[in-house]
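data_26.tsv, holding TSV, C-alpha atoms:
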chain	number	residue	atom	x	y	z
A	1	MET	CA	248.45	129.52	121.07
A	2	ALA	CA	251.06	131.39	123.07
A	3	LEU	CA	250.68	134.49	120.90
A	4	ASP	CA	246.91	134.51	121.42
A	5	PHE	CA	247.26	134.03	125.18
A	6	LEU	CA	249.83	136.78	125.47
A	7	LYS	CA	247.70	139.39	123.72
A	8	GLY	CA	245.22	139.37	126.62
A	9	ARG	CA	245.56	141.15	129.95
A	10	ALA	CA	245.31	138.09	132.17
A	11	LYS	CA	248.40	137.37	134.26
A	12	PHE	CA	249.84	133.88	133.97
A	13	LYS	CA	253.03	132.04	133.17
A	14	LEU	CA	253.65	130.04	130.00
A	15	PHE	CA	256.10	127.14	129.94
A	16	ALA	CA	257.32	125.35	126.83
A	17	TYR	CA	258.75	121.83	126.77
A	18	ASP	CA	260.44	120.43	123.67
A	19	ARG	CA	263.73	119.12	122.32
A	20	PRO	CA	266.77	121.20	123.37
A	21	GLY	CA	267.42	122.44	119.83
A	22	VAL	CA	263.85	123.71	119.48
A	23	LEU	CA	263.98	125.36	122.91
A	24	ASN	CA	267.22	127.14	122.01
A	25	ARG	CA	265.58	128.67	118.93
A	26	LEU	CA	262.44	129.53	120.90
A	27	THR	CA	264.50	131.35	123.52
A	28	ARG	CA	265.87	133.65	120.83
A	29	GLU	CA	262.38	134.39	119.45
A	30	LYS	CA	261.28	137.65	121.11
A	31	ARG	CA	257.60	137.26	120.23
A	32	PHE	CA	257.17	134.40	122.69
A	33	LYS	CA	257.38	135.40	126.33
A	34	VAL	CA	257.57	131.84	127.58
A	35	LYS	CA	259.89	130.04	129.95
A	36	CYS	CA	261.63	127.20	128.12
A	37	GLU	CA	262.04	124.03	130.15
A	38	SER	CA	263.92	120.92	129.01
A	39	ASN	CA	262.82	118.90	132.05
A	40	PHE	CA	259.30	117.52	131.59
A	41	SER	CA	258.41	117.35	135.29
A	42	ASN	CA	259.53	120.93	135.85
A	43	ALA	CA	257.59	122.14	132.81
A	44	VAL	CA	254.26	120.79	134.11
A	45	LYS	CA	254.77	121.45	137.82
A	46	ASN	CA	251.72	123.17	139.35
A	47	ALA	CA	250.19	123.63	135.89
A	48	ASP	CA	246.54	124.66	135.55
A	49	ILE	CA	246.34	123.79	131.84
A	50	ILE	CA	248.61	121.52	129.80
A	51	VAL	CA	248.41	121.46	126.00
A	52	LEU	CA	249.97	118.45	124.26
A	53	ALA	CA	250.78	119.72	120.77
A	54	ALA	CA	253.39	117.29	119.47
A	55	THR	CA	252.98	114.29	117.15
A	56	HIS	CA	250.38	111.69	118.09
A	57	LYS	CA	252.84	109.17	119.49
A	58	ALA	CA	254.70	111.87	121.43
A	59	ASN	CA	251.40	113.14	122.86
A	60	GLU	CA	250.50	109.63	123.98
A	61	GLN	CA	253.88	109.18	125.65
A	62	MET	CA	253.59	112.51	127.47
A	63	LEU	CA	250.04	111.72	128.57
A	64	SER	CA	251.27	108.46	130.09
A	65	GLN	CA	254.03	110.38	131.86
A	66	LEU	CA	251.51	112.85	133.26
A	67	SER	CA	249.44	110.05	134.75
A	68	LYS	CA	252.47	109.02	136.81
A	69	ILE	CA	252.89	112.47	138.38
A	70	ASN	CA	250.64	112.13	141.43
A	71	THR	CA	251.36	115.69	142.52
A	72	LEU	CA	249.76	117.07	139.34
A	73	GLU	CA	246.35	118.03	140.73
A	74	ASN	CA	243.39	120.08	139.49
A	75	CYS	CA	244.84	120.38	136.01
A	76	LEU	CA	243.12	120.33	132.63
A	77	ILE	CA	245.09	118.41	129.97
A	78	VAL	CA	244.15	118.72	126.29
A	79	ASP	CA	245.78	117.56	123.09
A	80	THR	CA	245.59	118.94	119.55
A	81	GLY	CA	245.94	115.74	117.51
A	82	ALA	CA	243.99	115.14	114.29
A	83	VAL	CA	242.86	111.62	115.28
A	84	LYS	CA	241.05	111.12	118.56
A	85	GLN	CA	240.15	107.47	119.15
A	86	PRO	CA	243.66	106.10	119.94
A	87	ILE	CA	244.54	108.69	122.57
A	88	ALA	CA	241.03	108.57	124.05
A	89	LYS	CA	241.38	104.80	124.49
A	90	LEU	CA	244.76	105.28	126.11
A	91	ALA	CA	243.38	107.90	128.51
A	92	SER	CA	240.59	105.55	129.59
A	93	ARG	CA	243.27	103.21	130.98
A	94	LEU	CA	245.16	105.92	132.86
A	95	ALA	CA	244.59	107.43	136.29
A	96	PHE	CA	245.57	111.03	137.00
A	97	GLY	CA	246.11	113.07	140.15
A	98	GLN	CA	243.14	114.41	142.10
A	99	GLY	CA	241.07	116.83	140.01
A	100	THR	CA	243.22	116.36	136.90
A	101	GLN	CA	241.41	115.39	133.69
A	102	PHE	CA	242.33	114.76	130.08
A	103	LEU	CA	240.08	116.06	127.30
A	104	PRO	CA	240.77	114.91	123.71
A	105	THR	CA	240.42	117.96	121.45
A	106	HIS	CA	241.22	119.00	117.88
A	107	PRO	CA	241.41	122.65	116.79
A	108	MET	CA	240.68	122.97	113.06
A	109	ALA	CA	243.46	125.45	112.46
A	110	GLY	CA	247.01	125.17	111.29
A	111	LYS	CA	249.44	125.75	108.48
A	112	GLU	CA	251.18	123.59	105.94
A	113	LYS	CA	254.50	124.76	107.42
A	114	ALA	CA	255.33	123.31	110.81
A	115	GLY	CA	257.26	124.91	113.65
A	116	PHE	CA	256.76	127.88	115.96
A	117	GLU	CA	258.62	130.07	113.47
A	118	ASN	CA	255.54	129.93	111.23
A	119	SER	CA	253.01	130.70	113.95
A	120	ASP	CA	250.95	133.84	114.26
A	121	ALA	CA	248.23	135.28	116.42
A	122	GLN	CA	244.61	134.84	115.30
A	123	LEU	CA	245.44	131.38	113.90
A	124	PHE	CA	242.56	129.83	115.84
A	125	ASN	CA	240.17	132.76	115.66
A	126	ASN	CA	236.71	131.80	114.38
A	127	HIS	CA	237.79	128.23	113.65
A	128	SER	CA	236.09	125.10	114.96
A	129	TRP	CA	237.57	123.29	117.92
A	130	PHE	CA	236.28	119.76	118.42
A	131	LEU	CA	235.93	118.52	122.00
A	132	ASP	CA	235.24	114.93	123.07
A	133	GLU	CA	231.65	114.79	124.28
A	134	ASN	CA	232.37	111.59	126.21
A	135	VAL	CA	234.45	113.44	128.81
A	136	LYS	CA	232.53	115.22	131.57
A	137	LEU	CA	234.71	117.92	133.05
A	138	THR	CA	234.57	119.17	136.59
A	139	SER	CA	233.28	122.71	137.08
A	140	ALA	CA	236.82	123.97	137.68
A	141	ASN	CA	238.25	122.37	134.56
A	142	ASN	CA	235.29	123.48	132.47
A	143	THR	CA	235.99	127.06	133.56
A	144	LYS	CA	239.60	126.68	132.41
A	145	LEU	CA	238.46	125.29	129.07
A	146	LYS	CA	236.07	128.18	128.50
A	147	TRP	CA	238.80	130.69	129.35
A	148	MET	CA	241.24	129.07	126.93
A	149	THR	CA	238.83	128.82	124.00
A	150	LYS	CA	237.68	132.41	124.59
A	151	GLN	CA	241.28	133.62	124.50
A	152	LEU	CA	241.79	131.82	121.20
A	153	GLY	CA	238.45	132.90	119.72
A	154	THR	CA	237.46	129.38	118.67
A	155	LYS	CA	234.02	127.90	118.06
A	156	THR	CA	233.70	124.80	120.23
A	157	THR	CA	231.83	121.72	119.05
A	158	TYR	CA	231.26	118.65	121.20
A	159	ILE	CA	231.39	115.36	119.30
A	160	SER	CA	232.28	111.73	119.96
A	161	ASN	CA	235.85	110.73	119.18
A	162	ARG	CA	234.60	108.03	116.80
A	163	LEU	CA	232.47	110.44	114.77
A	164	HIS	CA	235.29	112.97	114.81
A	165	ASP	CA	237.65	110.54	113.09
A	166	GLU	CA	235.02	109.68	110.49
A	167	LEU	CA	234.42	113.36	109.67
A	168	MET	CA	238.12	114.24	109.58
A	169	SER	CA	238.80	111.57	106.97
A	170	GLU	CA	236.58	113.48	104.56
A	171	ILE	CA	236.99	117.15	105.47
A	172	SER	CA	240.68	117.15	106.42
A	173	HIS	CA	242.62	113.98	105.62
A	174	LEU	CA	241.20	113.46	102.12
A	175	PRO	CA	241.97	117.06	100.99
A	176	GLN	CA	245.53	116.61	102.22
A	177	LEU	CA	246.04	113.42	100.21
A	178	ILE	CA	244.43	114.89	97.08
A	179	SER	CA	246.78	117.87	97.26
A	180	THR	CA	249.74	115.59	97.88
A	181	VAL	CA	248.97	113.29	94.94
A	182	LEU	CA	248.36	116.27	92.66
A	183	GLY	CA	251.65	117.82	93.75
A	184	GLY	CA	253.44	114.61	92.89
A	185	GLN	CA	251.76	114.38	89.50
A	186	VAL	CA	252.35	117.91	88.24
A	187	ASN	CA	255.67	118.62	86.56
A	188	SER	CA	257.43	120.94	89.02
A	189	ASN	CA	259.01	122.83	86.10
A	190	LEU	CA	255.53	124.03	85.14
A	191	ILE	CA	254.63	125.46	88.56
A	192	PRO	CA	256.02	128.96	87.81
A	193	LEU	CA	253.62	129.11	84.84
A	194	ALA	CA	250.57	128.19	86.91
A	195	GLY	CA	247.84	130.56	88.02
A	196	PRO	CA	246.20	130.83	91.46
A	197	GLY	CA	244.02	127.77	90.85
A	198	LEU	CA	246.86	125.27	90.98
A	199	ARG	CA	248.68	127.25	93.65
A	200	SER	CA	245.68	127.09	96.00
A	201	MET	CA	245.24	123.38	95.28
A	202	LEU	CA	248.88	122.71	96.14
A	203	ARG	CA	248.99	124.62	99.44
A	204	LEU	CA	248.55	121.47	101.50
A	205	ALA	CA	251.17	119.65	99.44
A	206	GLY	CA	253.77	121.50	101.50
A	207	SER	CA	252.74	119.65	104.65
A	208	PRO	CA	255.51	117.41	106.04
A	209	TYR	CA	255.06	113.64	105.96
A	210	SER	CA	256.54	113.50	109.46
A	211	VAL	CA	253.27	115.02	110.66
A	212	TRP	CA	250.93	113.05	108.41
A	213	SER	CA	252.42	109.58	108.65
A	214	GLU	CA	250.91	109.00	112.10
A	215	ILE	CA	247.58	110.56	111.12
A	216	ILE	CA	247.27	108.24	108.12
A	217	SER	CA	248.28	105.22	110.19
A	218	GLU	CA	245.93	105.95	113.09
A	219	ASN	CA	242.91	106.80	110.92
A	220	LYS	CA	243.68	104.28	108.17
A	221	LYS	CA	240.25	102.65	108.03
A	222	GLU	CA	238.28	105.88	107.64
A	223	ILE	CA	240.79	107.41	105.22
A	224	ILE	CA	240.60	104.37	102.93
A	225	LYS	CA	236.80	104.65	102.89
A	226	ALA	CA	237.04	108.33	101.91
A	227	LEU	CA	239.61	107.56	99.21
A	228	HIS	CA	237.42	104.81	97.74
A	229	LEU	CA	234.45	107.16	97.57
A	230	PHE	CA	236.58	109.83	95.89
A	231	ARG	CA	237.91	107.23	93.44
A	232	ASP	CA	234.35	106.23	92.55
A	233	ASN	CA	233.29	109.85	92.02
A	234	LEU	CA	236.39	110.54	89.93
A	235	GLY	CA	235.62	107.45	87.88
A	236	SER	CA	232.10	108.70	87.23
A	237	VAL	CA	233.40	112.08	86.04
A	238	THR	CA	235.95	110.34	83.81
A	239	ARG	CA	233.24	108.25	82.14
A	240	MET	CA	231.02	111.31	81.68
A	241	ILE	CA	233.86	113.15	79.93
A	242	GLU	CA	234.62	110.11	77.78
A	243	ASN	CA	230.97	109.91	76.76
A	244	GLU	CA	230.79	113.69	76.23
A	245	GLN	CA	228.13	114.08	78.91
A	246	PRO	CA	227.70	117.50	80.56
A	247	LEU	CA	229.06	117.93	84.08
A	248	THR	CA	226.35	120.43	85.03
A	249	GLN	CA	225.17	118.62	88.15
A	250	VAL	CA	228.72	117.89	89.29
A	251	PHE	CA	229.63	121.58	89.12
A	252	LYS	CA	226.36	122.59	90.84
A	253	ALA	CA	227.08	120.23	93.73
A	254	ALA	CA	230.62	121.60	94.02
A	255	SER	CA	229.32	125.17	93.91
A	256	ARG	CA	227.00	124.46	96.85
A	257	SER	CA	229.99	123.35	98.90
A	258	TYR	CA	231.98	126.41	97.84
A	259	ARG	CA	229.22	128.76	99.00
A	260	CYS	CA	229.48	127.23	102.48
A	261	LEU	CA	233.07	128.44	102.88
Could I get this structure in the form of structure tokens?
Amino acid sequence: MALDFLKGRAKFKLFAYDRPGVLNRLTREKRFKVKCESNFSNAVKNADIIVLAATHKANEQMLSQLSKINTLENCLIVDTGAVKQPIAKLASRLAFGQGTQFLPTHPMAGKEKAGFENSDAQLFNNHSWFLDENVKLTSANNTKLKWMTKQLGTKTTYISNRLHDELMSEISHLPQLISTVLGGQVNSNLIPLAGPGLRSMLRLAGSPYSVWSEIISENKKEIIKALHLFRDNLGSVTRMIENEQPLTQVFKAASRSYRCL
């Protein structure tokens, strides 16, 4: 996000809060003109917009901390987590400073490699950004949201946090698990011999479990439903192959999805 913000002409200050080791590396990275702050309260002092972009549990802890800072006023707080119901429920029990609001969000952009070292500008450009339709922002905070999403070039979509988690289980979490299982099944010694088909299928297999463990845990119910449906469809294809039945309709359905990319 910082790279996208910095490419514009607007004048503002960017602060980054993280573990000391991460901040030390970030300080040496010349692309990011941000002020690194190891003290949480100092990092968010007088902030107009706060983006919580850590793991789910860490985001929830920081959100709780923010609710205890009464001097944090007229601030828009958003998160970037891949599951929305847990943090939305937490936020409903918290009270923030005057004019400060929390909006659960999820930008559909990212890489299989974590860390700011792997970031680049245009990462969010033309990608969907889901926003919780249950939160009604003030005019001031809505203006901040529009500025931020315009800077990033995202396509905003308002949706309930419950429906969001249902959709993500199929269009995000299931693909991750399919890639992961496939990566574990394939003999790694054969990878150098593979063509682009397998390589594209395995891209998500590089995603760290440290990121996905909380996603799987927090969206367990919906992910299991998606996995069961995939298992049933895979079983049908297996039986068709065993019975030497053509897979014409299966490939046609898959082709329709491909053309939507």
Next item on the list: Do a neighbour search on range 163-176 of chain A at 8 Å with all atoms listed in the file, toss out local chain neighbours closer than 2 positions, and write the hits as a VMD selection string.
Entry: chain A and resid 82 to 85 130 159 to 161 178 to 180 204 to 205 216 219 222 to 223 226 to 227
Margin query: If I take CA of Lys13 in chain A and CA of Met62 in chain A, how far is one from the other in Å, to one decimal?
Written below: 20.4 Å
Margin query: Would you compute the distance between CA of Phe230 in chain A and CA of Lys57 in chain A? Give it in Å to one decimal.
Written below: 28.7 Å
Next item on the list: Record the distance separating CA of Thr80 in chain A and CA of His106 in chain A, expressed in Å with one decimal.
Entry: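 Going from CA of Thr80 in chain A over to CA of His106 in chain A, I get 4.7 Å.
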Next item on the list: Write out as JSON, numbers by chain the residues lying within 9 Å of range 152-155 of chain A, counting all atoms listed in the file and excluding same-chain residues fewer than 2 positions away.
Entry: {"A": [1, 4, 5, 107, 121, 122, 123, 124, 125, 126, 127, 128, 129, 130, 147, 148, 149, 150, 157]}
Next item on the list: Select, from A:Val44, A:Leu52, A:Ala253, A:Ala140, the residue with the minimum atom-to-atom distance to Asn74 in chain A, counting only C-alpha atoms.
Entry: A:Ala140
